[in-house]
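The structure appears right after this line, and notes come after that.
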Amino acid sequence: MVNLEWYRTFKSVYKNGNFSLAAKELFISQPAVSQQISMLEAHVGYKLFNRKSKGVEPTEYAKLLNNLIIEALDRLENVENGFRAKAFNANRLISIGISKHLMRSVGSCLIAKFEYIDFSFHENDTLFELVDSKKLDFAIVTKQYDTFDTIQKKVGKIKQILIGSNTIDASKLKSNIKIKDFTATEFWLNDQKWFSHNAQIPHIKLFWLYVFNKKRPSMIPNYIIPSEYEMLEIISKNTGIAVVWDINAKNLIAEKKIQLLWNSKQMPSTDVFVLSGKNDNLSPVFENIQLELKIILA
């Protein structure tokens, strides 16, 4: 039976014109190269190489054999290399950066798809810097970057909404929203207990800017919980309201642990991206991450 390794060795010797160079390329000994060529010659019944002072020279039959096998051998090696790369990428440790506020709802979907992930929590600009400097393999960000050394693909959208605990009677709020009495709406909101995940209240400021066309809210947060998902869990057991990402609140609203107070049409959606450095070896992983995030953000 013919051995595929004989043909690999034949290809390398034919290309390099030298047993020693072929041995280095194949990471085997020179005697092993000589033995495999001798075994192939015995199998095909023809001499394949003539020895010269500096290397070897292919015979006419070797030239014919090379023409017959080279295309098929190249295709087979490409398939093998691709399979090895996928197997390597499926089992290697990958590093993924994400905002801690999106970990529970967005990042956690990747755990079931990859064997080894090292997660780290940072905000957008820091995540970009870590990917750009090759300290992170991937990042999930809500801001677009345009550089030569990174690849960025959009995977979905998220939006900020107003939610509240079930202990709140929101009938007056919804009535004011329906008749577009935003002065009364703002007054009602200012009278509530507010939660925020950040002392600088970035979500609330954006909500006020787009919905009320005001640069600064007139309220201050009563409670600051540094993780948005943990904040939502706390709101579900207490009394208060917050502006949060819809993806984080979705399940809690469906389970009727909290209530949706306002999904304003004035509030724009925010694009979510996967960011990676340019690395061909990680391309299959990048594609898999995109696919999983597109499903969760659909």
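Residues are referred to by chain and number: the chain letter is A, B, ... according to the order shown in the structure tokens, the number counts from 1 in that chain, and ligands are numbered separately from 1 in the order shown.
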
Every residue of region 20-253 of chain A that DSSP places in strand (DSSP E), as a PyMOL selection string: chain A and resi 49-52+55-58+94-98+117-121+138-141+150-165+195-196+223-224+241-245

Same residues, C-alpha atoms, output as a PDB file, in the first residue's frame:
```
ATOM      1  CA  PHE A  49      16.301  11.111  -8.645  1.00  0.00           C
ATOM      2  CA  ASN A  50      19.904  11.052  -9.816  1.00  0.00           C
ATOM      3  CA  ARG A  51      22.508  12.156  -7.309  1.00  0.00           C
ATOM      4  CA  LYS A  52      24.738  15.124  -8.201  1.00  0.00           C
ATOM      5  CA  GLY A  55      21.894  17.635  -4.329  1.00  0.00           C
ATOM      6  CA  VAL A  56      19.770  15.533  -6.671  1.00  0.00           C
ATOM      7  CA  GLU A  57      18.213  15.918 -10.101  1.00  0.00           C
ATOM      8  CA  PRO A  58      14.738  14.567 -10.977  1.00  0.00           C
ATOM      9  CA  ILE A  94      -8.984  32.878  23.561  1.00  0.00           C
ATOM     10  CA  SER A  95      -9.163  36.240  25.317  1.00  0.00           C
ATOM     11  CA  ILE A  96     -12.318  38.331  24.993  1.00  0.00           C
ATOM     12  CA  GLY A  97     -12.898  41.797  26.404  1.00  0.00           C
ATOM     13  CA  ILE A  98     -16.381  43.136  27.091  1.00  0.00           C
ATOM     14  CA  ILE A 117     -12.151  31.799  27.284  1.00  0.00           C
ATOM     15  CA  ASP A 118     -10.370  34.401  29.368  1.00  0.00           C
ATOM     16  CA  PHE A 119     -12.850  37.280  29.828  1.00  0.00           C
ATOM     17  CA  SER A 120     -11.844  40.748  31.003  1.00  0.00           C
ATOM     18  CA  PHE A 121     -13.999  43.796  31.700  1.00  0.00           C
ATOM     19  CA  PHE A 138     -11.324  39.876  20.591  1.00  0.00           C
ATOM     20  CA  ALA A 139     -13.533  42.578  22.058  1.00  0.00           C
ATOM     21  CA  ILE A 140     -17.263  43.255  22.048  1.00  0.00           C
ATOM     22  CA  VAL A 141     -17.751  47.006  21.776  1.00  0.00           C
ATOM     23  CA  THR A 150      -8.001  45.673  13.303  1.00  0.00           C
ATOM     24  CA  ILE A 151     -11.138  44.060  11.898  1.00  0.00           C
ATOM     25  CA  GLN A 152     -14.575  45.100  13.101  1.00  0.00           C
ATOM     26  CA  LYS A 153     -17.935  43.533  12.242  1.00  0.00           C
ATOM     27  CA  LYS A 154     -21.404  44.632  13.323  1.00  0.00           C
ATOM     28  CA  VAL A 155     -23.372  41.873  15.077  1.00  0.00           C
ATOM     29  CA  GLY A 156     -26.554  43.638  16.188  1.00  0.00           C
ATOM     30  CA  LYS A 157     -28.191  46.545  17.968  1.00  0.00           C
ATOM     31  CA  ILE A 158     -29.167  47.372  21.535  1.00  0.00           C
ATOM     32  CA  LYS A 159     -31.223  50.258  22.880  1.00  0.00           C
ATOM     33  CA  GLN A 160     -31.682  52.118  26.139  1.00  0.00           C
ATOM     34  CA  ILE A 161     -35.124  51.829  27.713  1.00  0.00           C
ATOM     35  CA  LEU A 162     -36.760  52.983  30.918  1.00  0.00           C
ATOM     36  CA  ILE A 163     -37.718  50.225  33.341  1.00  0.00           C
ATOM     37  CA  GLY A 164     -39.090  50.127  36.862  1.00  0.00           C
ATOM     38  CA  SER A 165     -39.938  47.795  39.701  1.00  0.00           C
ATOM     39  CA  PHE A 195     -30.773  53.597  40.123  1.00  0.00           C
ATOM     40  CA  SER A 196     -27.641  53.934  37.981  1.00  0.00           C
ATOM     41  CA  TYR A 223     -28.385  54.245  44.319  1.00  0.00           C
ATOM     42  CA  ILE A 224     -25.308  53.415  42.220  1.00  0.00           C
ATOM     43  CA  ILE A 241     -36.486  53.046  38.068  1.00  0.00           C
ATOM     44  CA  ALA A 242     -33.483  53.058  35.727  1.00  0.00           C
ATOM     45  CA  VAL A 243     -32.391  53.539  32.127  1.00  0.00           C
ATOM     46  CA  VAL A 244     -30.832  50.269  30.944  1.00  0.00           C
ATOM     47  CA  TRP A 245     -29.922  48.299  27.835  1.00  0.00           C
TER      48      TRP A 245
END
```

Counting only C-alpha atoms, the residue of A:Arg75, A:Lys180, A:Phe128, A:Arg8 that sits nearest Asp146 (chain A): A:Phe128

Per-residue DSSP, region 53-167 of chain A, filtered to helix (DSSP H, G or I), as a VMD selection string: chain A and resid 60 to 91 107 to 110 124 to 132

Pick from A:Asn3, A:Asn281, A:Gln30, A:Ser236 nearest to Ile253 (chain A), counting only C-alpha atoms: A:Ser236

Contacts of Tyr116 (chain A) at 10 Å (only C-alpha atoms; same-chain gap of 3+ positions) as a ChimeraX atom specification: /A:90-95,111-113,119

All heavy atoms of the current selection, written as a compact mmCIF listing (two decimals), in the first residue's frame:
```
# COMPACT_ATOMS: atom_id res chain seq x y z
N ALA A 90 -10.54 25.74 17.97
CA ALA A 90 -11.67 25.32 18.80
C ALA A 90 -11.23 25.03 20.23
O ALA A 90 -12.04 25.09 21.15
CB ALA A 90 -12.32 24.10 18.19
N ASN A 91 -9.95 24.70 20.44
CA ASN A 91 -9.51 24.25 21.74
C ASN A 91 -8.51 25.17 22.42
O ASN A 91 -8.14 24.93 23.56
CB ASN A 91 -8.89 22.85 21.62
CG ASN A 91 -9.93 21.82 21.22
OD1 ASN A 91 -10.85 21.54 21.98
ND2 ASN A 91 -9.80 21.27 20.03
N ARG A 92 -8.03 26.20 21.74
CA ARG A 92 -7.06 27.09 22.36
C ARG A 92 -7.77 28.09 23.27
O ARG A 92 -8.97 28.35 23.16
CB ARG A 92 -6.26 27.83 21.29
CG ARG A 92 -7.07 28.80 20.46
CD ARG A 92 -6.21 29.90 19.87
NE ARG A 92 -5.90 30.89 20.86
CZ ARG A 92 -5.24 32.02 20.61
NH1 ARG A 92 -4.80 32.26 19.41
NH2 ARG A 92 -5.01 32.90 21.56
N LEU A 93 -7.02 28.65 24.19
CA LEU A 93 -7.55 29.70 25.06
C LEU A 93 -7.64 30.99 24.26
O LEU A 93 -6.66 31.44 23.69
CB LEU A 93 -6.62 29.89 26.27
CG LEU A 93 -6.97 31.05 27.20
CD1 LEU A 93 -8.27 30.77 27.93
CD2 LEU A 93 -5.84 31.30 28.19
N ILE A 94 -8.82 31.59 24.22
CA ILE A 94 -8.98 32.88 23.56
C ILE A 94 -9.32 33.93 24.61
O ILE A 94 -9.95 33.63 25.62
CB ILE A 94 -10.07 32.83 22.46
CG1 ILE A 94 -11.42 32.40 23.03
CG2 ILE A 94 -9.65 31.94 21.33
CD1 ILE A 94 -12.57 32.50 22.03
N SER A 95 -8.88 35.14 24.38
CA SER A 95 -9.16 36.24 25.32
C SER A 95 -10.18 37.18 24.70
O SER A 95 -10.05 37.60 23.55
CB SER A 95 -7.87 36.99 25.66
OG SER A 95 -7.22 37.44 24.50
N ILE A 111 -19.91 31.00 26.10
CA ILE A 111 -19.32 29.98 26.97
C ILE A 111 -19.65 28.57 26.48
O ILE A 111 -18.83 27.66 26.55
CB ILE A 111 -19.78 30.20 28.43
CG1 ILE A 111 -19.14 31.48 28.98
CG2 ILE A 111 -19.44 29.01 29.30
CD1 ILE A 111 -19.60 31.88 30.35
N ALA A 112 -20.85 28.38 25.97
CA ALA A 112 -21.25 27.05 25.51
C ALA A 112 -20.59 26.67 24.18
O ALA A 112 -20.64 25.50 23.79
CB ALA A 112 -22.77 26.99 25.36
N LYS A 113 -19.96 27.62 23.50
CA LYS A 113 -19.41 27.37 22.17
C LYS A 113 -17.89 27.19 22.13
O LYS A 113 -17.35 26.71 21.15
CB LYS A 113 -19.80 28.51 21.22
CG LYS A 113 -21.31 28.65 21.03
CD LYS A 113 -21.91 27.40 20.41
CE LYS A 113 -23.42 27.49 20.28
NZ LYS A 113 -24.00 26.28 19.67
N PHE A 119 -12.11 36.02 29.94
CA PHE A 119 -12.85 37.28 29.83
C PHE A 119 -12.19 38.37 30.67
O PHE A 119 -11.64 38.09 31.74
CB PHE A 119 -14.29 37.12 30.32
CG PHE A 119 -15.20 36.40 29.37
CD1 PHE A 119 -15.58 35.08 29.61
CD2 PHE A 119 -15.71 37.04 28.25
CE1 PHE A 119 -16.43 34.42 28.74
CE2 PHE A 119 -16.57 36.39 27.38
CZ PHE A 119 -16.92 35.07 27.63
```

For Gly17 (chain A), the nearest of the candidates A:Met219, A:Ala199, A:Leu40, A:Ala62, counting only C-alpha atoms: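 For Gly17 (chain A), the nearest of the given residues is A:Ala62.
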
Contacts of Met39 (chain A) at 10 Å (only C-alpha atoms; same-chain gap of 4+ positions) as a PyMOL selection string: chain A and resi 2-3+6+33-35+43-45

A:Phe273, A:Tyr210, A:Tyr7, A:Phe286 ranked by distance to Glu41 (chain A), top pick (using only C-alpha atoms): A:Tyr7

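Contact shell of Asp191 (chain A) at 12 Å (only C-alpha atoms; same-chain neighbours under 6 positions omitted): Ile168, Leu173, Ala184, Thr185, Ser218, Met219, Ile220, Pro221, Asn222, Gly240 and Ile241 of chain A.
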
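Across the structure, CA of Ser269 (chain A) and CA of Pro284 (chain A) are spaced 28.5 Å apart.
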
Atom-to-atom span, CA of Asp181 (chain A) and CA of Thr167 (chain A), Å: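 About the pair CA of Asp181 (chain A) and CA of Thr167 (chain A): they are 23.4 Å apart.
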
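Remark: for Tyr14 (chain A), the closest of the candidate residues A:Asn67, A:Ser53, A:Ser276, A:Asn288 is A:Asn67 (distances computed over only C-alpha atoms).
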